[in-house]
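Text of upload12.txt (compact mmCIF, N, CA and C atoms and all ligand atoms) as supplied:
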```txt
# COMPACT_ATOMS: atom_id res chain seq x y z
N MET A 110 11.12 -8.65 8.31
CA MET A 110 9.77 -8.51 8.86
C MET A 110 9.03 -7.33 8.23
N LEU A 111 7.73 -7.50 8.04
CA LEU A 111 6.92 -6.39 7.54
C LEU A 111 6.41 -5.61 8.74
N LYS A 112 6.44 -4.30 8.61
CA LYS A 112 5.97 -3.48 9.73
C LYS A 112 4.91 -2.50 9.27
N TRP A 113 3.81 -2.48 10.00
CA TRP A 113 2.81 -1.45 9.73
C TRP A 113 3.08 -0.29 10.67
N SER A 114 2.93 0.92 10.18
CA SER A 114 3.06 2.07 11.07
C SER A 114 2.04 3.11 10.62
N ASP A 115 1.82 4.09 11.48
CA ASP A 115 0.77 5.08 11.19
C ASP A 115 0.97 5.79 9.86
N ASP A 116 2.23 5.95 9.46
CA ASP A 116 2.42 6.67 8.19
C ASP A 116 2.00 5.84 6.98
N LEU A 117 1.62 4.57 7.22
CA LEU A 117 1.09 3.76 6.11
C LEU A 117 -0.43 3.85 6.04
N SER A 118 -1.03 4.58 6.99
CA SER A 118 -2.49 4.64 7.00
C SER A 118 -3.02 5.28 5.71
N VAL A 119 -4.04 4.65 5.12
CA VAL A 119 -4.64 5.22 3.92
C VAL A 119 -5.93 5.96 4.28
N GLY A 120 -6.27 5.95 5.56
CA GLY A 120 -7.44 6.71 6.01
C GLY A 120 -8.77 5.99 5.86
N VAL A 121 -8.72 4.73 5.47
CA VAL A 121 -9.95 3.94 5.35
C VAL A 121 -9.80 2.79 6.36
N PRO A 122 -10.56 2.82 7.47
CA PRO A 122 -10.31 1.86 8.55
C PRO A 122 -10.28 0.40 8.10
N GLU A 123 -11.19 0.01 7.23
CA GLU A 123 -11.21 -1.40 6.80
C GLU A 123 -9.92 -1.77 6.07
N ILE A 124 -9.45 -0.89 5.21
CA ILE A 124 -8.21 -1.18 4.46
C ILE A 124 -7.00 -1.16 5.40
N ASP A 125 -6.97 -0.19 6.32
CA ASP A 125 -5.86 -0.15 7.28
C ASP A 125 -5.80 -1.44 8.10
N ARG A 126 -6.96 -1.88 8.56
CA ARG A 126 -7.00 -3.12 9.36
C ARG A 126 -6.46 -4.29 8.55
N GLN A 127 -6.89 -4.36 7.29
CA GLN A 127 -6.42 -5.47 6.45
C GLN A 127 -4.92 -5.38 6.19
N HIS A 128 -4.41 -4.16 6.03
CA HIS A 128 -2.96 -4.02 5.81
C HIS A 128 -2.17 -4.49 7.03
N GLN A 129 -2.72 -4.24 8.22
CA GLN A 129 -2.05 -4.73 9.43
C GLN A 129 -2.05 -6.26 9.45
N GLN A 130 -3.15 -6.83 9.00
CA GLN A 130 -3.23 -8.30 8.93
C GLN A 130 -2.28 -8.86 7.87
N VAL A 131 -2.15 -8.14 6.75
CA VAL A 131 -1.21 -8.58 5.71
C VAL A 131 0.19 -8.68 6.32
N ALA A 132 0.58 -7.67 7.09
CA ALA A 132 1.92 -7.69 7.71
C ALA A 132 2.03 -8.89 8.66
N ARG A 133 1.03 -9.06 9.51
CA ARG A 133 1.10 -10.17 10.48
C ARG A 133 1.20 -11.52 9.79
N ARG A 134 0.35 -11.71 8.79
CA ARG A 134 0.33 -13.02 8.11
C ARG A 134 1.56 -13.24 7.25
N ALA A 135 2.05 -12.19 6.63
CA ALA A 135 3.29 -12.34 5.84
C ALA A 135 4.44 -12.69 6.78
N ASN A 136 4.46 -12.09 7.97
CA ASN A 136 5.53 -12.41 8.92
C ASN A 136 5.45 -13.86 9.38
N LEU A 137 4.23 -14.37 9.55
CA LEU A 137 4.08 -15.78 9.91
C LEU A 137 4.62 -16.67 8.80
N LEU A 138 4.34 -16.24 7.55
CA LEU A 138 4.85 -17.00 6.40
C LEU A 138 6.39 -16.98 6.39
N LEU A 139 6.96 -15.80 6.62
CA LEU A 139 8.42 -15.67 6.61
C LEU A 139 9.07 -16.55 7.69
N GLU A 140 8.39 -16.65 8.83
CA GLU A 140 8.93 -17.49 9.91
C GLU A 140 9.00 -18.96 9.52
N LYS A 141 8.07 -19.36 8.63
CA LYS A 141 8.02 -20.78 8.26
C LYS A 141 9.07 -21.17 7.22
N LEU A 142 9.67 -20.15 6.57
CA LEU A 142 10.54 -20.47 5.43
C LEU A 142 11.87 -21.16 5.78
N PRO A 143 12.65 -20.60 6.71
CA PRO A 143 13.99 -21.20 6.87
C PRO A 143 13.91 -22.66 7.32
N GLY A 144 14.44 -23.50 6.50
CA GLY A 144 14.49 -24.93 6.83
C GLY A 144 13.15 -25.65 6.77
N GLY A 145 12.11 -24.96 6.30
CA GLY A 145 10.79 -25.59 6.24
C GLY A 145 10.73 -26.64 5.14
N SER A 146 9.93 -27.69 5.37
CA SER A 146 9.82 -28.70 4.31
C SER A 146 8.99 -28.10 3.17
N PRO A 147 9.34 -28.44 1.91
CA PRO A 147 8.65 -27.82 0.77
C PRO A 147 7.13 -27.95 0.86
N GLY A 148 6.63 -29.09 1.33
CA GLY A 148 5.18 -29.29 1.42
C GLY A 148 4.53 -28.28 2.34
N LEU A 149 5.09 -28.10 3.54
CA LEU A 149 4.51 -27.17 4.51
C LEU A 149 4.65 -25.73 4.04
N VAL A 150 5.80 -25.42 3.44
CA VAL A 150 6.00 -24.05 2.97
C VAL A 150 5.03 -23.73 1.83
N CYS A 151 4.81 -24.69 0.94
CA CYS A 151 3.85 -24.47 -0.15
C CYS A 151 2.45 -24.23 0.42
N ASP A 152 2.06 -25.01 1.42
CA ASP A 152 0.76 -24.80 2.05
C ASP A 152 0.66 -23.40 2.63
N ALA A 153 1.73 -22.96 3.30
CA ALA A 153 1.73 -21.63 3.90
C ALA A 153 1.63 -20.56 2.81
N PHE A 154 2.30 -20.79 1.68
CA PHE A 154 2.21 -19.85 0.55
C PHE A 154 0.78 -19.78 0.03
N ASP A 155 0.14 -20.94 -0.10
CA ASP A 155 -1.23 -20.96 -0.62
C ASP A 155 -2.18 -20.24 0.34
N PHE A 156 -1.98 -20.45 1.63
CA PHE A 156 -2.82 -19.83 2.64
C PHE A 156 -2.72 -18.31 2.54
N PHE A 157 -1.49 -17.81 2.43
CA PHE A 157 -1.29 -16.36 2.34
C PHE A 157 -1.86 -15.83 1.02
N GLU A 158 -1.72 -16.60 -0.05
CA GLU A 158 -2.24 -16.13 -1.34
C GLU A 158 -3.75 -15.94 -1.28
N THR A 159 -4.45 -16.88 -0.64
CA THR A 159 -5.90 -16.76 -0.51
C THR A 159 -6.24 -15.50 0.28
N PHE A 160 -5.50 -15.28 1.37
CA PHE A 160 -5.77 -14.12 2.20
C PHE A 160 -5.53 -12.82 1.44
N ILE A 161 -4.39 -12.72 0.76
CA ILE A 161 -4.09 -11.44 0.12
C ILE A 161 -4.97 -11.22 -1.12
N SER A 162 -5.40 -12.30 -1.75
CA SER A 162 -6.32 -12.14 -2.89
C SER A 162 -7.64 -11.55 -2.40
N ASP A 163 -8.11 -12.00 -1.23
CA ASP A 163 -9.33 -11.43 -0.65
C ASP A 163 -9.15 -9.95 -0.34
N HIS A 164 -7.97 -9.63 0.17
CA HIS A 164 -7.69 -8.22 0.48
C HIS A 164 -7.71 -7.37 -0.81
N PHE A 165 -7.07 -7.89 -1.87
CA PHE A 165 -7.07 -7.15 -3.14
C PHE A 165 -8.50 -6.95 -3.63
N ARG A 166 -9.31 -7.98 -3.47
CA ARG A 166 -10.71 -7.87 -3.90
C ARG A 166 -11.45 -6.77 -3.14
N THR A 167 -11.15 -6.66 -1.83
CA THR A 167 -11.78 -5.59 -1.04
C THR A 167 -11.44 -4.24 -1.65
N GLU A 168 -10.15 -4.03 -1.93
CA GLU A 168 -9.75 -2.74 -2.50
C GLU A 168 -10.40 -2.53 -3.87
N GLU A 169 -10.45 -3.60 -4.66
CA GLU A 169 -11.02 -3.46 -6.00
C GLU A 169 -12.52 -3.16 -5.93
N GLN A 170 -13.18 -3.68 -4.89
CA GLN A 170 -14.59 -3.34 -4.69
C GLN A 170 -14.75 -1.85 -4.39
N TYR A 171 -13.85 -1.32 -3.57
CA TYR A 171 -13.88 0.12 -3.30
C TYR A 171 -13.71 0.91 -4.60
N MET A 172 -12.82 0.41 -5.46
CA MET A 172 -12.54 1.15 -6.71
C MET A 172 -13.77 1.21 -7.61
N ILE A 173 -14.49 0.10 -7.69
CA ILE A 173 -15.63 0.09 -8.62
C ILE A 173 -16.93 0.54 -7.95
N SER A 174 -16.85 0.81 -6.64
CA SER A 174 -18.07 1.27 -5.97
C SER A 174 -18.29 2.76 -6.22
N THR A 175 -17.30 3.41 -6.88
CA THR A 175 -17.44 4.84 -7.11
C THR A 175 -18.33 5.07 -8.32
N PRO A 176 -19.06 6.19 -8.34
CA PRO A 176 -19.98 6.42 -9.44
C PRO A 176 -19.24 6.44 -10.77
N ALA A 177 -19.81 5.79 -11.74
CA ALA A 177 -19.24 5.72 -13.11
C ALA A 177 -17.77 5.35 -13.10
N HIS A 178 -17.37 4.54 -12.13
CA HIS A 178 -15.99 4.07 -12.01
C HIS A 178 -15.01 5.24 -12.07
N ALA A 179 -15.31 6.30 -11.28
CA ALA A 179 -14.56 7.55 -11.40
C ALA A 179 -13.13 7.48 -10.89
N TYR A 180 -12.77 6.40 -10.24
CA TYR A 180 -11.40 6.31 -9.73
C TYR A 180 -10.45 5.97 -10.89
N ARG A 181 -9.67 6.97 -11.27
CA ARG A 181 -8.85 6.82 -12.48
C ARG A 181 -7.69 5.86 -12.31
N GLY A 182 -7.30 5.64 -11.07
CA GLY A 182 -6.16 4.75 -10.86
C GLY A 182 -6.54 3.29 -10.85
N ALA A 183 -7.83 2.99 -11.08
CA ALA A 183 -8.31 1.61 -10.90
C ALA A 183 -7.54 0.60 -11.76
N GLU A 184 -7.31 0.97 -13.02
CA GLU A 184 -6.70 -0.01 -13.93
C GLU A 184 -5.25 -0.32 -13.50
N ALA A 185 -4.49 0.75 -13.26
CA ALA A 185 -3.08 0.56 -12.87
C ALA A 185 -2.98 -0.16 -11.52
N HIS A 186 -3.91 0.18 -10.63
CA HIS A 186 -3.88 -0.42 -9.30
C HIS A 186 -4.21 -1.93 -9.36
N THR A 187 -5.23 -2.26 -10.15
CA THR A 187 -5.61 -3.67 -10.29
C THR A 187 -4.48 -4.45 -10.95
N LEU A 188 -3.86 -3.80 -11.93
CA LEU A 188 -2.72 -4.43 -12.61
C LEU A 188 -1.57 -4.69 -11.63
N ALA A 189 -1.36 -3.75 -10.70
CA ALA A 189 -0.30 -3.92 -9.69
C ALA A 189 -0.61 -5.14 -8.80
N HIS A 190 -1.90 -5.35 -8.51
CA HIS A 190 -2.27 -6.54 -7.73
C HIS A 190 -1.96 -7.81 -8.53
N HIS A 191 -2.27 -7.77 -9.81
CA HIS A 191 -2.01 -8.95 -10.65
C HIS A 191 -0.52 -9.22 -10.74
N SER A 192 0.27 -8.15 -10.89
CA SER A 192 1.71 -8.44 -11.01
C SER A 192 2.29 -8.92 -9.69
N PHE A 193 1.74 -8.45 -8.57
CA PHE A 193 2.18 -9.03 -7.29
C PHE A 193 1.93 -10.53 -7.31
N LEU A 194 0.71 -10.91 -7.70
CA LEU A 194 0.35 -12.33 -7.63
C LEU A 194 1.21 -13.18 -8.57
N SER A 195 1.54 -12.63 -9.76
CA SER A 195 2.34 -13.49 -10.64
C SER A 195 3.77 -13.61 -10.14
N ALA A 196 4.33 -12.53 -9.56
CA ALA A 196 5.68 -12.65 -8.99
C ALA A 196 5.65 -13.59 -7.78
N TYR A 197 4.60 -13.47 -6.99
CA TYR A 197 4.46 -14.33 -5.80
C TYR A 197 4.41 -15.80 -6.21
N ARG A 198 3.64 -16.07 -7.28
CA ARG A 198 3.53 -17.47 -7.73
C ARG A 198 4.85 -17.97 -8.30
N ALA A 199 5.64 -17.07 -8.86
CA ALA A 199 6.96 -17.48 -9.37
C ALA A 199 7.85 -17.91 -8.20
N PHE A 200 7.76 -17.18 -7.07
CA PHE A 200 8.50 -17.60 -5.88
C PHE A 200 8.01 -18.97 -5.42
N ARG A 201 6.70 -19.14 -5.41
CA ARG A 201 6.13 -20.42 -4.95
C ARG A 201 6.62 -21.58 -5.82
N ALA A 202 6.72 -21.31 -7.13
CA ALA A 202 7.19 -22.35 -8.05
C ALA A 202 8.61 -22.78 -7.73
N GLU A 203 9.40 -21.82 -7.24
CA GLU A 203 10.78 -22.15 -6.84
C GLU A 203 10.79 -23.17 -5.70
N ILE A 204 9.83 -23.01 -4.78
CA ILE A 204 9.76 -23.94 -3.64
C ILE A 204 9.42 -25.34 -4.13
N ASN A 205 8.54 -25.39 -5.13
CA ASN A 205 8.18 -26.68 -5.72
C ASN A 205 9.42 -27.42 -6.21
N LYS A 206 10.41 -26.62 -6.64
CA LYS A 206 11.65 -27.24 -7.11
C LYS A 206 12.61 -27.51 -5.96
N GLY A 207 12.17 -27.19 -4.74
CA GLY A 207 12.97 -27.52 -3.56
C GLY A 207 13.83 -26.39 -3.02
N ALA A 208 13.53 -25.15 -3.45
CA ALA A 208 14.38 -24.04 -3.03
C ALA A 208 13.85 -23.31 -1.80
N THR A 209 14.24 -23.72 -0.61
CA THR A 209 13.95 -22.91 0.57
C THR A 209 15.26 -22.59 1.27
N ASP A 210 16.31 -22.45 0.45
CA ASP A 210 17.62 -22.16 1.04
C ASP A 210 17.71 -20.70 1.46
N GLU A 211 18.86 -20.36 2.04
CA GLU A 211 19.05 -19.02 2.60
C GLU A 211 18.85 -17.91 1.57
N LEU A 212 19.36 -18.16 0.36
CA LEU A 212 19.26 -17.14 -0.68
C LEU A 212 17.80 -16.89 -1.05
N PHE A 213 17.04 -17.97 -1.20
CA PHE A 213 15.63 -17.84 -1.52
C PHE A 213 14.91 -17.05 -0.42
N VAL A 214 15.16 -17.42 0.82
CA VAL A 214 14.50 -16.75 1.95
C VAL A 214 14.82 -15.27 1.94
N ARG A 215 16.10 -14.95 1.72
CA ARG A 215 16.50 -13.54 1.71
C ARG A 215 15.84 -12.78 0.55
N GLN A 216 15.86 -13.39 -0.62
CA GLN A 216 15.28 -12.71 -1.79
C GLN A 216 13.78 -12.49 -1.62
N PHE A 217 13.09 -13.53 -1.17
CA PHE A 217 11.64 -13.41 -1.01
C PHE A 217 11.30 -12.39 0.08
N SER A 218 12.02 -12.44 1.20
CA SER A 218 11.75 -11.51 2.31
C SER A 218 11.93 -10.06 1.85
N LEU A 219 13.06 -9.80 1.18
CA LEU A 219 13.31 -8.43 0.73
C LEU A 219 12.24 -7.98 -0.24
N TRP A 220 11.89 -8.87 -1.16
CA TRP A 220 10.90 -8.52 -2.18
C TRP A 220 9.57 -8.16 -1.54
N ILE A 221 9.08 -8.99 -0.62
CA ILE A 221 7.74 -8.74 -0.07
C ILE A 221 7.76 -7.53 0.88
N MET A 222 8.87 -7.30 1.57
CA MET A 222 8.95 -6.13 2.45
C MET A 222 8.91 -4.85 1.63
N GLU A 223 9.68 -4.85 0.54
CA GLU A 223 9.71 -3.65 -0.31
C GLU A 223 8.35 -3.43 -0.96
N TRP A 224 7.78 -4.51 -1.45
CA TRP A 224 6.47 -4.40 -2.10
C TRP A 224 5.45 -3.81 -1.14
N TYR A 225 5.43 -4.28 0.07
CA TYR A 225 4.43 -3.85 1.07
C TYR A 225 4.48 -2.33 1.26
N GLN A 226 5.68 -1.83 1.51
CA GLN A 226 5.83 -0.38 1.72
C GLN A 226 5.46 0.39 0.45
N GLU A 227 6.02 -0.06 -0.65
CA GLU A 227 5.88 0.69 -1.90
C GLU A 227 4.44 0.70 -2.40
N HIS A 228 3.79 -0.46 -2.32
CA HIS A 228 2.42 -0.55 -2.83
C HIS A 228 1.47 0.31 -2.00
N ILE A 229 1.63 0.25 -0.69
CA ILE A 229 0.73 1.03 0.17
C ILE A 229 0.99 2.53 -0.01
N GLN A 230 2.29 2.90 -0.05
CA GLN A 230 2.62 4.33 -0.17
C GLN A 230 2.16 4.93 -1.49
N THR A 231 2.03 4.11 -2.52
CA THR A 231 1.66 4.67 -3.82
C THR A 231 0.19 4.37 -4.13
N HIS A 232 -0.08 3.17 -4.60
CA HIS A 232 -1.43 2.84 -5.06
C HIS A 232 -2.50 2.95 -3.97
N ASP A 233 -2.21 2.37 -2.80
CA ASP A 233 -3.25 2.32 -1.78
C ASP A 233 -3.54 3.70 -1.19
N LYS A 234 -2.49 4.50 -1.03
CA LYS A 234 -2.71 5.86 -0.52
C LYS A 234 -3.49 6.69 -1.53
N GLU A 235 -3.19 6.50 -2.79
CA GLU A 235 -3.91 7.24 -3.83
C GLU A 235 -5.40 6.90 -3.77
N LEU A 236 -5.69 5.62 -3.59
CA LEU A 236 -7.09 5.20 -3.47
C LEU A 236 -7.71 5.79 -2.20
N GLY A 237 -6.96 5.79 -1.11
CA GLY A 237 -7.46 6.35 0.15
C GLY A 237 -7.79 7.82 0.01
N VAL A 238 -6.93 8.58 -0.63
CA VAL A 238 -7.16 10.02 -0.83
C VAL A 238 -8.44 10.21 -1.64
N PHE A 239 -8.59 9.42 -2.67
CA PHE A 239 -9.78 9.53 -3.52
C PHE A 239 -11.05 9.22 -2.71
N LEU A 240 -11.01 8.14 -1.94
CA LEU A 240 -12.21 7.74 -1.19
C LEU A 240 -12.56 8.77 -0.11
N LYS A 241 -11.54 9.34 0.49
CA LYS A 241 -11.81 10.34 1.54
C LYS A 241 -12.42 11.60 0.92
N ALA A 242 -11.88 12.03 -0.22
CA ALA A 242 -12.40 13.23 -0.88
C ALA A 242 -13.85 13.00 -1.29
N ARG A 243 -14.11 11.82 -1.77
CA ARG A 243 -15.48 11.51 -2.22
C ARG A 243 -16.44 11.51 -1.04
N SER A 244 -15.99 11.00 0.10
CA SER A 244 -16.91 10.91 1.23
C SER A 244 -17.22 12.28 1.83
N LYS A 245 -16.39 13.27 1.49
CA LYS A 245 -16.66 14.62 2.00
C LYS A 245 -17.66 15.38 1.13
N LYS A 246 -17.83 14.91 -0.10
CA LYS A 246 -18.73 15.62 -1.01
C LYS A 246 -20.17 15.49 -0.53
N PRO A 247 -20.96 16.59 -0.59
CA PRO A 247 -22.36 16.45 -0.22
C PRO A 247 -23.09 15.52 -1.17
N ARG A 248 -23.96 14.72 -0.63
CA ARG A 248 -24.69 13.78 -1.50
C ARG A 248 -25.80 14.50 -2.26
N ARG A 249 -25.87 14.21 -3.54
CA ARG A 249 -26.98 14.78 -4.33
C ARG A 249 -28.19 13.89 -4.21
N LYS A 250 -29.39 14.52 -4.28
CA LYS A 250 -30.60 13.70 -4.19
C LYS A 250 -30.96 13.13 -5.55
FE FE A 301 -3.66 -2.25 -3.33
```
For the structure just supplied, provide its representation as C-alpha cells.
Ligand SMILES: [Fe+2]
Amino acid sequence: MLKWSDDLSVGVPEIDRQHQQVARRANLLLEKLPGGSPGLVCDAFDFFETFISDHFRTEEQYMISTPAHAYRGAEAHTLAHHSFLSAYRAFRAEINKGATDELFVRQFSLWIMEWYQEHIQTHDKELGVFLKARSKKPRRK
C-alpha cells in the first residue's frame, strides 16, 4: 500500500492534495490486481495512467510558470515523469501477455511504493522548496 504522511508534504497545497489522491488511486489499482482478469486490470491501469499524467502536467505547469523557466530541476524532473510512465507501461504490457500472477503483483507493488516515496522526497520536494522561496520574494513592479 502507498501511504501519504506529513513528512511527504512539499508545501504546495494543490500538489499535496494530488499526492494524497495518487496514493488512494494507486491503492485501488493494487487491490484490483490479484486474480483480476487481464481486461479489467488493463482498464484500471489505463485509468490510473490518465490520472497520474494529469498530475505530472500540474507539476510541470508549476515548473514552467516561473520567470524565464528559472527552476533548474525542470528537465531532470520532467524526465523522471517520463521514465515513470515508460516503466509503468512496461508493467501494463506484461498484463497484456496475461501476467497478473503473484510475482507480478509483488514486483509492481514494490516498484510503485518505492517510486512514490522516492520521487516525492527528491524531485517534488525540490520543486516545493523552489516554489515556496519564490513566493516569499517581494514582487517587482
Ligand atoms: Fe513529480
Could you build a table of the residues in chain A lying no more than 9 Å from ligand FE 301 (chain A), giving for each the nearest pair of atoms and their separation in Å rounded to one decimal place, using only C-alpha atoms and all ligand atoms, ordered by chain and ascending residue number, as a Markdown table?
```
| residue | atom | partner | partner_atom | distance |
| --- | --- | --- | --- | --- |
| A:His164 | CA | A:FE301 | FE | 8.1 |
| A:Phe165 | CA | A:FE301 | FE | 6.0 |
| A:Glu168 | CA | A:FE301 | FE | 6.2 |
| A:Glu169 | CA | A:FE301 | FE | 7.9 |
| A:His186 | CA | A:FE301 | FE | 6.2 |
| A:Thr187 | CA | A:FE301 | FE | 7.4 |
| A:Ala189 | CA | A:FE301 | FE | 7.4 |
| A:His190 | CA | A:FE301 | FE | 6.3 |
| A:His228 | CA | A:FE301 | FE | 6.3 |
| A:Ile229 | CA | A:FE301 | FE | 6.5 |
| A:Thr231 | CA | A:FE301 | FE | 8.7 |
| A:His232 | CA | A:FE301 | FE | 5.8 |
| A:Asp233 | CA | A:FE301 | FE | 4.8 |
| A:Lys234 | CA | A:FE301 | FE | 8.6 |
| A:Leu236 | CA | A:FE301 | FE | 8.2 |
```
### Query
Pick from A:Ala208, A:Met222, A:Leu194, A:Met110: nearest to Thr159 in chain A, with only C-alpha atoms counted?
A:Leu194
If the box runs along x, y and z of the file and leaves 5 Å on each side of range 227-236 of chain A, what are its centre and edge lengths in Å, one decimal, as JSON?
```
{"center_x": -0.8, "center_y": 3.3, "center_z": -2.4, "size_x": 23.7, "size_y": 17.8, "size_z": 15.2}
```
### d(CA of Ile204 in chain A, CA of Leu138 in chain A) in Å
13.2 Å
### Message
Every residue with an atom at most 8 Å from (3.0, -7.0, 6.4) (file coordinates; only C-alpha atoms) is what I'm after, so could you write them as an MDAnalysis selection string?
### Response
chainID A and resid 110:113 128:136 222 225
### Query
Of the candidates A:Thr209, A:Thr175, A:Thr167, A:Ser118, which one gets nearest to Leu142 in chain A if we count all atoms listed in the file?
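Answer, going by the shortest atom-to-atom distance: A:Thr209.
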### Message
Given all atoms listed in the file as the basis, pick out the residue of A:Arg243, A:Phe213, A:Gln230, A:Gly148 nearest to Leu117 in chain A.
### Response
A:Gln230
### Task
Could you find all residues in chain A that DSSP calls alpha helix (DSSP H) from the backbone, and write them as a ChimeraX atom specification?
/A:122-141,147-173,183-205,211-228,234-245
### Query
What is the distance, in Å and to one decimal place, between CA of Val119 in chain A and atom C of Gly182 in chain A?
15.0 Å
### Message
One decimal, in Å: what's the spacing between CA of Pro122 in chain A and atom C of Phe160 in chain A?
### Response
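Between CA of Pro122 in chain A and atom C of Phe160 in chain A the gap is 17.0 Å.
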